[in-house]
>>> print(open('input_38.pdb').read())   # PDB, C-alpha atoms and all ligand atoms
ATOM      1  CA  MET A 126       0.000   0.000   0.000
ATOM      2  CA  SER A 127       1.462   3.366  -1.036
ATOM      3  CA  ALA A 128       0.964   6.677   0.790
ATOM      4  CA  LEU A 129      -1.506   7.772  -1.902
ATOM      5  CA  ASP A 130      -3.837   4.771  -1.686
ATOM      6  CA  ASP A 131      -6.292   6.689   0.505
ATOM      7  CA  GLY A 132      -6.291   9.835  -1.585
ATOM      8  CA  ALA A 133      -3.958  12.358  -3.136
ATOM      9  CA  VAL A 134      -3.552  16.039  -3.712
ATOM     10  CA  ASN A 135      -2.023  17.655  -6.766
ATOM     11  CA  VAL A 136      -0.837  21.238  -6.332
ATOM     12  CA  ASP A 137       0.066  22.741  -9.696
ATOM     13  CA  GLY A 138       1.309  19.363 -10.922
ATOM     14  CA  VAL A 139       3.051  18.279  -7.702
ATOM     15  CA  LEU A 140       1.490  15.085  -6.337
ATOM     16  CA  SER A 141       1.511  14.219  -2.666
ATOM     17  CA  SER A 142      -0.527  12.551   0.038
ATOM     18  CA  LEU A 143      -3.493  14.504   1.398
ATOM     19  CA  ALA A 144      -1.552  15.280   4.564
ATOM     20  CA  ALA A 145       1.590  16.485   2.773
ATOM     21  CA  GLY A 146       0.040  18.847   0.166
ATOM     22  CA  ARG A 147       1.176  22.461   0.652
ATOM     23  CA  ILE A 148       0.221  25.844  -0.741
ATOM     24  CA  PRO A 149       2.116  29.067   0.005
ATOM     25  CA  ALA A 150       0.873  31.139   2.944
ATOM     26  CA  MET A 151       0.521  34.172   0.625
ATOM     27  CA  ASP A 152      -1.988  32.449  -1.658
ATOM     28  CA  HIS A 153      -5.061  34.684  -1.847
ATOM     29  CA  GLY A 154      -7.287  31.621  -1.738
ATOM     30  CA  PHE A 155      -6.009  31.029   1.789
ATOM     31  CA  LEU A 156      -5.851  34.701   2.800
ATOM     32  CA  TYR A 157      -9.212  35.869   1.437
ATOM     33  CA  GLY A 158     -11.178  32.839   0.260
ATOM     34  CA  ASP A 159     -10.420  34.134  -3.241
ATOM     35  CA  SER A 160     -10.952  30.849  -5.073
ATOM     36  CA  VAL A 161     -13.556  28.758  -6.864
ATOM     37  CA  TYR A 162     -14.165  25.043  -6.584
ATOM     38  CA  GLU A 163     -16.121  22.063  -7.832
ATOM     39  CA  VAL A 164     -16.829  18.622  -6.415
ATOM     40  CA  ILE A 165     -17.292  15.797  -8.894
ATOM     41  CA  ARG A 166     -18.003  12.152  -8.170
ATOM     42  CA  THR A 167     -17.095   9.174 -10.278
ATOM     43  CA  LEU A 168     -19.311   6.189 -10.973
ATOM     44  CA  ASP A 169     -17.703   2.959 -12.168
ATOM     45  CA  GLY A 170     -14.514   4.875 -12.817
ATOM     46  CA  LEU A 171     -16.052   7.646 -14.921
ATOM     47  CA  PRO A 172     -16.878  11.204 -13.858
ATOM     48  CA  VAL A 173     -20.494  12.249 -13.584
ATOM     49  CA  ALA A 174     -21.371  15.467 -15.445
ATOM     50  CA  TRP A 175     -17.773  16.643 -15.860
ATOM     51  CA  PRO A 176     -18.577  19.127 -18.698
ATOM     52  CA  GLU A 177     -21.333  20.670 -16.554
ATOM     53  CA  HIS A 178     -19.037  20.981 -13.530
ATOM     54  CA  HIS A 179     -16.327  22.532 -15.677
ATOM     55  CA  ALA A 180     -18.793  25.008 -17.191
ATOM     56  CA  ARG A 181     -20.045  26.001 -13.724
ATOM     57  CA  MET A 182     -16.471  26.511 -12.567
ATOM     58  CA  CYS A 183     -15.903  28.942 -15.461
ATOM     59  CA  THR A 184     -19.082  30.810 -14.475
ATOM     60  CA  SER A 185     -17.968  30.966 -10.833
ATOM     61  CA  ALA A 186     -14.549  32.253 -11.939
ATOM     62  CA  ASP A 187     -16.229  34.956 -14.068
ATOM     63  CA  ALA A 188     -18.131  36.112 -10.979
ATOM     64  CA  LEU A 189     -14.754  36.691  -9.274
ATOM     65  CA  TYR A 190     -13.185  38.398 -12.338
ATOM     66  CA  MET A 191     -10.926  35.367 -12.635
ATOM     67  CA  LYS A 192     -10.054  33.441 -15.804
ATOM     68  CA  LEU A 193      -9.183  29.755 -15.826
ATOM     69  CA  PRO A 194      -6.065  29.691 -18.016
ATOM     70  CA  TRP A 195      -6.177  25.927 -18.727
ATOM     71  CA  PRO A 196      -8.291  24.292 -21.430
ATOM     72  CA  ARG A 197     -10.755  21.750 -20.053
ATOM     73  CA  ALA A 198      -8.705  18.853 -21.464
ATOM     74  CA  VAL A 199      -5.623  20.006 -19.535
ATOM     75  CA  MET A 200      -7.587  20.085 -16.302
ATOM     76  CA  ALA A 201      -9.042  16.658 -17.120
ATOM     77  CA  ALA A 202      -5.580  15.197 -17.755
ATOM     78  CA  ARG A 203      -4.320  16.581 -14.419
ATOM     79  CA  ILE A 204      -7.301  15.035 -12.637
ATOM     80  CA  GLU A 205      -6.820  11.660 -14.328
ATOM     81  CA  GLU A 206      -3.139  11.661 -13.387
ATOM     82  CA  THR A 207      -4.070  12.344  -9.753
ATOM     83  CA  ILE A 208      -6.716   9.616  -9.669
ATOM     84  CA  ALA A 209      -4.246   7.175 -11.260
ATOM     85  CA  ALA A 210      -1.817   7.781  -8.398
ATOM     86  CA  THR A 211      -4.383   6.417  -5.940
ATOM     87  CA  ALA A 212      -5.886   2.981  -5.592
ATOM     88  CA  LEU A 213      -9.425   4.307  -5.352
ATOM     89  CA  PRO A 214     -11.988   2.531  -7.535
ATOM     90  CA  ASP A 215     -14.435   5.418  -7.251
ATOM     91  CA  CYS A 216     -13.688   8.777  -5.759
ATOM     92  CA  THR A 217     -14.710  12.333  -5.120
ATOM     93  CA  VAL A 218     -12.630  14.911  -6.963
ATOM     94  CA  ARG A 219     -12.432  18.421  -5.555
ATOM     95  CA  ILE A 220     -10.846  20.977  -7.869
ATOM     96  CA  VAL A 221      -9.921  24.266  -6.278
ATOM     97  CA  VAL A 222      -8.606  27.121  -8.389
ATOM     98  CA  THR A 223      -7.143  29.829  -6.194
ATOM     99  CA  ARG A 224      -6.019  33.312  -7.178
ATOM    100  CA  GLY A 225      -2.445  32.293  -6.382
ATOM    101  CA  PRO A 226       0.197  33.974  -4.208
ATOM    102  CA  GLY A 227       0.407  37.760  -4.174
ATOM    103  CA  PRO A 228       1.049  40.788  -1.975
ATOM    104  CA  MET A 229      -0.864  41.221   1.302
ATOM    105  CA  SER A 230      -3.635  43.201  -0.374
ATOM    106  CA  LEU A 231      -7.200  42.358  -1.272
ATOM    107  CA  LEU A 232      -6.560  43.345  -4.873
ATOM    108  CA  PRO A 233      -5.861  40.362  -7.098
ATOM    109  CA  ASP A 234      -3.703  42.413  -9.519
ATOM    110  CA  GLY A 235      -0.301  41.381  -8.192
ATOM    111  CA  CYS A 236      -1.134  37.678  -7.891
ATOM    112  CA  ASP A 237       0.990  35.094  -9.555
ATOM    113  CA  GLY A 238      -1.822  33.623 -11.652
ATOM    114  CA  PRO A 239      -4.383  30.999 -10.710
ATOM    115  CA  ARG A 240      -3.239  27.827  -9.012
ATOM    116  CA  MET A 241      -4.940  24.477  -9.608
ATOM    117  CA  VAL A 242      -5.290  22.175  -6.618
ATOM    118  CA  ILE A 243      -6.892  18.775  -7.114
ATOM    119  CA  TYR A 244      -7.953  16.558  -4.239
ATOM    120  CA  VAL A 245      -8.866  12.941  -4.894
ATOM    121  CA  LEU A 246     -10.710  11.471  -1.936
ATOM    122  CA  PRO A 247     -12.534   8.222  -1.249
ATOM    123  CA  LEU A 248     -16.153   8.454  -2.389
ATOM    124  CA  ARG A 249     -18.239   9.033   0.718
ATOM    125  CA  LEU A 250     -21.944   8.935   0.017
ATOM    126  CA  PRO A 251     -24.653   9.375   2.664
ATOM    127  CA  CYS A 252     -24.892   6.314   4.904
ATOM    128  CA  ALA A 253     -27.743   3.850   4.450
ATOM    129  CA  ASP A 254     -29.415   5.146   7.609
ATOM    130  CA  GLN A 255     -29.696   8.620   6.084
ATOM    131  CA  THR A 256     -30.980   7.495   2.700
ATOM    132  CA  GLU A 257     -33.405   4.939   4.152
ATOM    133  CA  ASN A 258     -34.663   6.780   7.230
ATOM    134  CA  GLY A 259     -33.981  10.401   6.332
ATOM    135  CA  ILE A 260     -32.466  13.256   8.285
ATOM    136  CA  ALA A 261     -33.653  16.092  10.503
ATOM    137  CA  ILE A 262     -32.822  19.623   9.389
ATOM    138  CA  CYS A 263     -33.231  23.123  10.792
ATOM    139  CA  VAL A 264     -34.076  26.487   9.301
ATOM    140  CA  PRO A 265     -31.417  28.576  11.060
ATOM    141  CA  SER A 266     -31.688  32.240  11.991
ATOM    142  CA  ARG A 267     -28.651  32.922   9.791
ATOM    143  CA  LEU A 268     -29.735  34.149   6.347
ATOM    144  CA  ARG A 269     -28.284  33.045   3.013
ATOM    145  CA  ASN A 270     -25.890  35.588   1.500
ATOM    146  CA  ASP A 271     -27.768  38.169  -0.497
ATOM    147  CA  GLN A 272     -27.280  37.791  -4.247
ATOM    148  CA  ARG A 273     -26.158  41.410  -4.418
ATOM    149  CA  SER A 274     -23.273  40.779  -1.995
ATOM    150  CA  LEU A 275     -21.697  37.368  -2.570
ATOM    151  CA  ALA A 276     -23.940  35.555  -5.025
ATOM    152  CA  PRO A 277     -24.655  31.960  -3.981
ATOM    153  CA  ALA A 278     -24.700  31.142  -7.706
ATOM    154  CA  ALA A 279     -20.876  31.278  -7.640
ATOM    155  CA  LYS A 280     -19.210  28.272  -6.009
ATOM    156  CA  THR A 281     -16.387  30.084  -4.287
ATOM    157  CA  GLY A 282     -13.933  29.205  -1.544
ATOM    158  CA  ASN A 283     -15.836  31.491   0.814
ATOM    159  CA  TYR A 284     -18.254  29.093   2.524
ATOM    160  CA  LEU A 285     -18.464  30.798   5.897
ATOM    161  CA  ASN A 286     -22.161  31.625   5.412
ATOM    162  CA  ASN A 287     -22.909  27.917   4.936
ATOM    163  CA  LEU A 288     -20.476  26.788   7.631
ATOM    164  CA  LEU A 289     -22.057  29.043  10.264
ATOM    165  CA  ALA A 290     -25.569  27.955   9.285
ATOM    166  CA  LEU A 291     -24.476  24.318   9.571
ATOM    167  CA  VAL A 292     -22.976  24.855  13.015
ATOM    168  CA  GLU A 293     -26.207  26.545  14.123
ATOM    169  CA  ALA A 294     -28.242  23.604  12.801
ATOM    170  CA  ARG A 295     -26.009  21.032  14.491
ATOM    171  CA  ARG A 296     -26.288  22.865  17.816
ATOM    172  CA  ALA A 297     -30.071  22.735  17.430
ATOM    173  CA  GLY A 298     -29.972  18.977  16.769
ATOM    174  CA  GLY A 299     -30.282  19.085  12.964
ATOM    175  CA  GLU A 300     -28.071  17.251  10.495
ATOM    176  CA  ASP A 301     -28.165  20.157   8.040
ATOM    177  CA  ALA A 302     -29.590  23.649   7.586
ATOM    178  CA  VAL A 303     -31.829  25.100   4.883
ATOM    179  CA  MET A 304     -31.410  28.851   4.826
ATOM    180  CA  VAL A 305     -33.851  31.638   4.072
ATOM    181  CA  ASN A 306     -32.870  34.701   2.021
ATOM    182  CA  THR A 307     -33.129  38.371   2.942
ATOM    183  CA  SER A 308     -36.667  38.481   1.446
ATOM    184  CA  GLY A 309     -37.794  35.582   3.638
ATOM    185  CA  ALA A 310     -37.852  32.920   0.903
ATOM    186  CA  VAL A 311     -36.373  29.423   1.244
ATOM    187  CA  THR A 312     -33.053  29.025  -0.577
ATOM    188  CA  GLU A 313     -30.919  25.875  -0.183
ATOM    189  CA  GLY A 314     -29.003  23.562   2.118
ATOM    190  CA  THR A 315     -25.423  24.236   3.138
ATOM    191  CA  THR A 316     -24.110  21.951   0.389
ATOM    192  CA  SER A 317     -27.325  20.869  -1.305
ATOM    193  CA  ASN A 318     -30.519  22.039  -2.959
ATOM    194  CA  VAL A 319     -33.905  21.455  -1.387
ATOM    195  CA  PHE A 320     -37.183  20.103  -2.762
ATOM    196  CA  TRP A 321     -40.491  19.365  -1.079
ATOM    197  CA  VAL A 322     -43.871  17.928  -1.980
ATOM    198  CA  ARG A 323     -47.073  19.834  -1.337
ATOM    199  CA  CYS A 324     -50.522  19.861  -2.936
ATOM    200  CA  GLY A 325     -49.477  17.046  -5.245
ATOM    201  CA  GLU A 326     -46.567  18.960  -6.752
ATOM    202  CA  VAL A 327     -42.832  19.088  -6.171
ATOM    203  CA  ARG A 328     -41.582  22.540  -5.184
ATOM    204  CA  THR A 329     -38.084  23.982  -5.135
ATOM    205  CA  PRO A 330     -36.654  27.505  -4.876
ATOM    206  CA  SER A 331     -36.063  29.164  -8.236
ATOM    207  CA  LEU A 332     -32.541  30.275  -9.136
ATOM    208  CA  ASP A 333     -33.472  33.924  -8.542
ATOM    209  CA  CYS A 334     -33.977  33.164  -4.835
ATOM    210  CA  GLY A 335     -30.167  33.172  -4.655
ATOM    211  CA  ILE A 336     -28.999  29.557  -4.773
ATOM    212  CA  LEU A 337     -26.321  27.506  -6.449
ATOM    213  CA  SER A 338     -27.601  26.026  -9.676
ATOM    214  CA  GLY A 339     -26.946  22.494  -8.501
ATOM    215  CA  ILE A 340     -26.065  20.061 -11.235
ATOM    216  CA  THR A 341     -28.027  17.322  -9.475
ATOM    217  CA  ARG A 342     -30.937  19.774  -9.165
ATOM    218  CA  SER A 343     -30.918  20.568 -12.909
ATOM    219  CA  GLU A 344     -30.633  16.949 -13.980
ATOM    220  CA  LEU A 345     -33.370  15.852 -11.579
ATOM    221  CA  LEU A 346     -35.700  18.687 -12.600
ATOM    222  CA  ALA A 347     -35.550  17.427 -16.190
ATOM    223  CA  ALA A 348     -35.905  13.785 -15.132
ATOM    224  CA  MET A 349     -38.870  14.514 -12.812
ATOM    225  CA  ARG A 350     -40.728  16.420 -15.495
ATOM    226  CA  ALA A 351     -40.008  13.696 -18.060
ATOM    227  CA  ASP A 352     -41.340  11.165 -15.540
ATOM    228  CA  GLY A 353     -44.639  13.035 -15.254
ATOM    229  CA  LEU A 354     -44.134  14.849 -11.948
ATOM    230  CA  VAL A 355     -45.388  18.416 -11.688
ATOM    231  CA  VAL A 356     -42.506  20.577 -10.495
ATOM    232  CA  LYS A 357     -42.819  24.228  -9.584
ATOM    233  CA  GLU A 358     -39.828  26.544  -9.106
ATOM    234  CA  GLY A 359     -40.514  29.749  -7.171
ATOM    235  CA  ALA A 360     -40.088  31.874  -4.058
ATOM    236  CA  PHE A 361     -41.688  30.082  -1.113
ATOM    237  CA  PRO A 362     -41.857  31.038   2.569
ATOM    238  CA  PRO A 363     -40.417  28.582   5.116
ATOM    239  CA  ALA A 364     -43.975  27.622   6.191
ATOM    240  CA  ASP A 365     -44.458  26.101   2.743
ATOM    241  CA  LEU A 366     -41.493  23.820   3.395
ATOM    242  CA  THR A 367     -42.215  23.036   7.038
ATOM    243  CA  GLY A 368     -45.802  22.086   6.231
ATOM    244  CA  ALA A 369     -44.808  19.819   3.338
ATOM    245  CA  ASP A 370     -45.850  16.178   2.919
ATOM    246  CA  GLU A 371     -42.285  15.192   1.962
ATOM    247  CA  ALA A 372     -38.936  16.928   1.576
ATOM    248  CA  PHE A 373     -35.473  16.001   0.308
ATOM    249  CA  LEU A 374     -32.031  17.452  -0.299
ATOM    250  CA  THR A 375     -30.064  16.895  -3.497
ATOM    251  CA  GLY A 376     -26.392  17.233  -4.382
ATOM    252  CA  THR A 377     -23.349  15.485  -5.769
ATOM    253  CA  VAL A 378     -22.435  14.183  -2.322
ATOM    254  CA  ARG A 379     -25.924  14.099  -0.750
ATOM    255  CA  GLY A 380     -27.535  12.287  -3.683
ATOM    256  CA  VAL A 381     -31.236  12.359  -2.776
ATOM    257  CA  THR A 382     -31.447  12.507   1.024
ATOM    258  CA  PRO A 383     -34.944  12.419   2.532
ATOM    259  CA  VAL A 384     -35.766  15.053   5.149
ATOM    260  CA  VAL A 385     -38.104  13.681   7.821
ATOM    261  CA  ALA A 386     -38.097  16.482  10.387
ATOM    262  CA  ILE A 387     -37.671  20.266  10.256
ATOM    263  CA  ASP A 388     -37.018  22.282  13.408
ATOM    264  CA  GLY A 389     -38.092  19.324  15.526
ATOM    265  CA  CYS A 390     -41.438  18.748  13.736
ATOM    266  CA  ALA A 391     -42.105  15.712  11.536
ATOM    267  CA  VAL A 392     -42.428  16.202   7.788
ATOM    268  CA  GLY A 393     -45.571  14.304   6.720
ATOM    269  CA  ASP A 394     -45.653  11.038   8.660
ATOM    270  CA  GLY A 395     -41.976  11.393   9.604
ATOM    271  CA  ARG A 396     -40.761   8.848   7.071
ATOM    272  CA  PRO A 397     -39.388   9.152   3.527
ATOM    273  CA  GLY A 398     -42.395   9.344   1.218
ATOM    274  CA  PRO A 399     -43.239   7.840  -2.187
ATOM    275  CA  VAL A 400     -42.211  10.861  -4.281
ATOM    276  CA  THR A 401     -38.833  11.031  -2.550
ATOM    277  CA  ARG A 402     -38.281   7.335  -3.263
ATOM    278  CA  ARG A 403     -39.311   7.850  -6.875
ATOM    279  CA  VAL A 404     -36.847  10.737  -7.260
ATOM    280  CA  ALA A 405     -34.084   8.649  -5.630
ATOM    281  CA  GLY A 406     -34.801   6.020  -8.295
ATOM    282  CA  LEU A 407     -34.577   8.674 -11.002
ATOM    283  CA  LEU A 408     -31.181   9.739  -9.669
ATOM    284  CA  VAL A 409     -29.732   6.303 -10.374
ATOM    285  CA  ARG A 410     -30.678   6.726 -14.050
ATOM    286  CA  VAL A 411     -29.539  10.357 -14.120
ATOM    287  CA  LEU A 412     -26.087   9.485 -12.766
ATOM    288  CA  ARG A 413     -25.592   6.725 -15.325
ATOM    289  CA  ALA A 414     -26.693   8.967 -18.182
ATOM    290  CA  ALA A 415     -24.395  11.807 -17.085
ATOM    291  CA  ARG A 416     -21.237   9.647 -16.980
ATOM    292  CA  GLY A 417     -18.602  10.325 -19.582
ATOM    293  CA  PRO A 418     -14.860  10.427 -20.062
ATOM    294  CA  TRP A 419     -12.496  12.975 -18.533
ATOM    295  CA  ALA A 420     -11.903  15.160 -21.565
TER
HETATM  296  C1  LIG B 501     -24.571  25.683  -1.557
HETATM  297  C2  LIG B 501     -24.783  24.483  -2.423
HETATM  298  N1  LIG B 501     -25.969  24.298  -3.001
HETATM  299  C3  LIG B 501     -26.214  23.220  -3.772
HETATM  300  C4  LIG B 501     -25.251  22.248  -3.985
HETATM  301  C5  LIG B 501     -25.552  21.052  -4.848
HETATM  302  O1  LIG B 501     -24.901  21.180  -6.094
HETATM  303  P1  LIG B 501     -24.521  19.917  -6.982
HETATM  304  O2  LIG B 501     -25.780  19.168  -7.223
HETATM  305  O3  LIG B 501     -23.958  20.514  -8.213
HETATM  306  O4  LIG B 501     -23.540  19.122  -6.194
HETATM  307  C6  LIG B 501     -23.982  22.414  -3.413
HETATM  308  C7  LIG B 501     -22.927  21.437  -3.639
HETATM  309  O5  LIG B 501     -21.860  21.514  -3.089
HETATM  310  C8  LIG B 501     -23.742  23.559  -2.610
HETATM  311  O6  LIG B 501     -22.552  23.754  -2.031
END
>>> encode(input="input_38.pdb", output="structure tokens")
Amino acid sequence: MSALDDGAVNVDGVLSSLAAGRIPAMDHGFLYGDSVYEVIRTLDGLPVAWPEHHARMCTSADALYMKLPWPRAVMAARIEETIAATALPDCTVRIVVTRGPGPMSLLPDGCDGPRMVIYVLPLRLPCADQTENGIAICVPSRLRNDQRSLAPAAKTGNYLNNLLALVEARRAGGEDAVMVNTSGAVTEGTTSNVFWVRCGEVRTPSLDCGILSGITRSELLAAMRADGLVVKEGAFPPADLTGADEAFLTGTVRGVTPVVAIDGCAVGDGRPGPVTRRVAGLLVRVLRAARGPWA
């Protein structure tokens, strides 16, 4: 067994174990959270929705006035090389592009160009207990970042808003948090999108509520509609969610995780419902269809 069997990190082409990877202390990603990232999972050795993740990373970079200087194929080759150094059959790949090292100033002008950091980690999906029995969540007092300040649509290295909401939820006995925006509408989980079932339809916050356009969300929206489910995107108050018959979170890592309690009150009968199970079934098909080569 080599040191990289459990995962590896690749910092600008330099491979090392997860514990040994280093970036300079003057990197603006470290100093200011000035970075963008993506998390991709593999399925049977192939990435799921790699082109979509790459496209979203470019959009996130645009939001930070940053340009990714590498063609997609170059990034893909670097990722493949990092995966090959591990013995992981399936993995989670986290790509972080930081502003790079520069002077101690907020301004990115003097930075030494973007730096690509790739983490290859064992694939850790929600445990069977969570997918079969669901999780409890909270709606914390902490609001989601306003779109006019740090837009949640950009997947940046600044996750303090989500981190603090998660800590608040955990202290209140929840597994995760679903935040409300400054207008009082439901937005998203700390690393997931949220859906619920009410009046016979599936509801989810629209993108203009200030959320990340989750790739799982987009793929599932299309699959649900194709499967005959009525899905409505909009701005909904938290009472619409808390009074739902069913609820679930979606994401690359979360998959489809049923939500069975919100702020200590049961959702529906307190067990994952039929629509949630149907959507979890759709996800299996969606993941297979979205697999493709690193390229
Ligand atoms: C804030 C936030 N919303 C939603 C998601 C789900 O996005 P995806 O389905 O692309 O993983 C994530 C994933 O990390 C996230 O961080």
>>> residues_around(input="input_38.pdb", residues="Leu232 in chain A", least_positions_apart="2", cutoff="12 Å", atoms="all atoms listed in the file", output="list in words")
His153, Leu156, Tyr157, Asp159, Leu189, Tyr190, Met191, Arg224, Gly225, Pro226, Gly227, Pro228, Met229, Ser230, Asp234, Gly235 and Cys236 of chain A
>>> resolve_selection(input="input_38.pdb", expression="the PyMOL selection byres (((chain A and resi 416) around 7) and not hetatm)", output="JSON, numbers by chain")
{"A": [171, 172, 173, 174, 412, 413, 414, 415, 417]}
>>> write_last_selection(input="input_38.pdb", atoms="C-alpha atoms", output="short mmCIF file (atom, residue, chain, number, x, y, z; two decimals), in the coordinates of the input")
data_model
loop_
_atom_site.label_atom_id
_atom_site.label_comp_id
_atom_site.auth_asym_id
_atom_site.auth_seq_id
_atom_site.Cartn_x
_atom_site.Cartn_y
_atom_site.Cartn_z
CA LEU A 171 -16.05 7.65 -14.92
CA PRO A 172 -16.88 11.20 -13.86
CA VAL A 173 -20.49 12.25 -13.58
CA ALA A 174 -21.37 15.47 -15.44
CA LEU A 412 -26.09 9.48 -12.77
CA ARG A 413 -25.59 6.72 -15.32
CA ALA A 414 -26.69 8.97 -18.18
CA ALA A 415 -24.40 11.81 -17.08
CA GLY A 417 -18.60 10.32 -19.58
#
>>> closest_residue(input="input_38.pdb", among="A:Leu366, A:Leu231, A:Ala212, A:Leu291", to="Gly170 in chain A", atoms="all atoms listed in the file")
A:Ala212
>>> resolve_selection(input="input_38.pdb", expression="the PyMOL selection byres (((not hetatm)) within 10 of (chain B and resi 501))", output="MDAnalysis selection string")
chainID A and resid 162:166 174 177:178 181 269 277:281 284 286:287 303:304 312:319 335:345 374:381
>>> atom_distance(input="input_38.pdb", atom1="CA of Thr167 in chain A", atom2="CA of Thr256 in chain A")
19.1 Å
>>> residues_around(input="input_38.pdb", residues="range 192-203 of chain A", least_positions_apart="4", cutoff="10 Å", atoms="only C-alpha atoms", output="ChimeraX atom specification")
/A:135-138,175-176,179-180,182-188,207-209,220,222-224,238-243,418-420
>>> atom_distance(input="input_38.pdb", atom1="CA of Ile387 in chain A", atom2="CA of Phe320 in chain A")
13.0 Å
>>> residues_around(input="input_38.pdb", residues="Val404 in chain A", least_positions_apart="3", cutoff="9 Å", atoms="all atoms listed in the file", output="list of chain:residue names")
A:Leu345, A:Ala348, A:Met349, A:Val381, A:Pro399, A:Val400, A:Thr401, A:Leu407, A:Leu408, A:Val409
>>> write_last_selection(input="input_38.pdb", atoms="C-alpha atoms", output="short mmCIF file (atom, residue, chain, number, x, y, z; two decimals), keeping the file's coordinate frame")
data_model
loop_
_atom_site.label_atom_id
_atom_site.label_comp_id
_atom_site.auth_asym_id
_atom_site.auth_seq_id
_atom_site.Cartn_x
_atom_site.Cartn_y
_atom_site.Cartn_z
CA LEU A 345 -33.37 15.85 -11.58
CA ALA A 348 -35.90 13.78 -15.13
CA MET A 349 -38.87 14.51 -12.81
CA VAL A 381 -31.24 12.36 -2.78
CA PRO A 399 -43.24 7.84 -2.19
CA VAL A 400 -42.21 10.86 -4.28
CA THR A 401 -38.83 11.03 -2.55
CA LEU A 407 -34.58 8.67 -11.00
CA LEU A 408 -31.18 9.74 -9.67
CA VAL A 409 -29.73 6.30 -10.37
#
>>> resolve_selection(input="input_38.pdb", expression="the PyMOL selection byres (((chain A and resi 307) around 7) and not hetatm)", output="compact mmCIF listing (two decimals) with C-alpha atoms, keeping the file's coordinate frame")
# COMPACT_ATOMS: atom_id res chain seq x y z
CA LEU A 268 -29.74 34.15 6.35
CA ASP A 271 -27.77 38.17 -0.50
CA VAL A 305 -33.85 31.64 4.07
CA ASN A 306 -32.87 34.70 2.02
CA SER A 308 -36.67 38.48 1.45
CA GLY A 309 -37.79 35.58 3.64
>>> atom_distance(input="input_38.pdb", atom1="CA of Leu143 in chain A", atom2="CA of Gly158 in chain A")
19.9 Å
>>> residues_around(input="input_38.pdb", residues="Ala360 in chain A", least_positions_apart="6", cutoff="8 Å", atoms="all atoms listed in the file", output="ChimeraX atom specification")
/A:310-311,330-331,334
>>> residues_around(input="input_38.pdb", residues="Thr329 in chain A", least_positions_apart="5", cutoff="8 Å", atoms="all atoms listed in the file", output="ChimeraX atom specification")
/A:319-321,356-359
>>> write_last_selection(input="input_38.pdb", atoms="C-alpha atoms", output="short mmCIF file (atom, residue, chain, number, x, y, z; two decimals), keeping the file's coordinate frame")
data_model
loop_
_atom_site.label_atom_id
_atom_site.label_comp_id
_atom_site.auth_asym_id
_atom_site.auth_seq_id
_atom_site.Cartn_x
_atom_site.Cartn_y
_atom_site.Cartn_z
CA VAL A 319 -33.90 21.46 -1.39
CA PHE A 320 -37.18 20.10 -2.76
CA TRP A 321 -40.49 19.36 -1.08
CA VAL A 356 -42.51 20.58 -10.50
CA LYS A 357 -42.82 24.23 -9.58
CA GLU A 358 -39.83 26.54 -9.11
CA GLY A 359 -40.51 29.75 -7.17
#
>>> closest_residue(input="input_38.pdb", among="A:Ala253, A:Leu140, A:Ala391, A:Ile262", to="Ile204 in chain A", atoms="all atoms listed in the file")
A:Leu140
>>> axis_aligned_box(input="input_38.pdb", around="range 280-291 of chain A", padding_each_side="6 Å", output="lines of an AutoDock Vina configuration file")
center_x = -19.8
center_y = 28.0
center_z = 2.1
size_x = 23.6
size_y = 19.3
size_z = 28.3
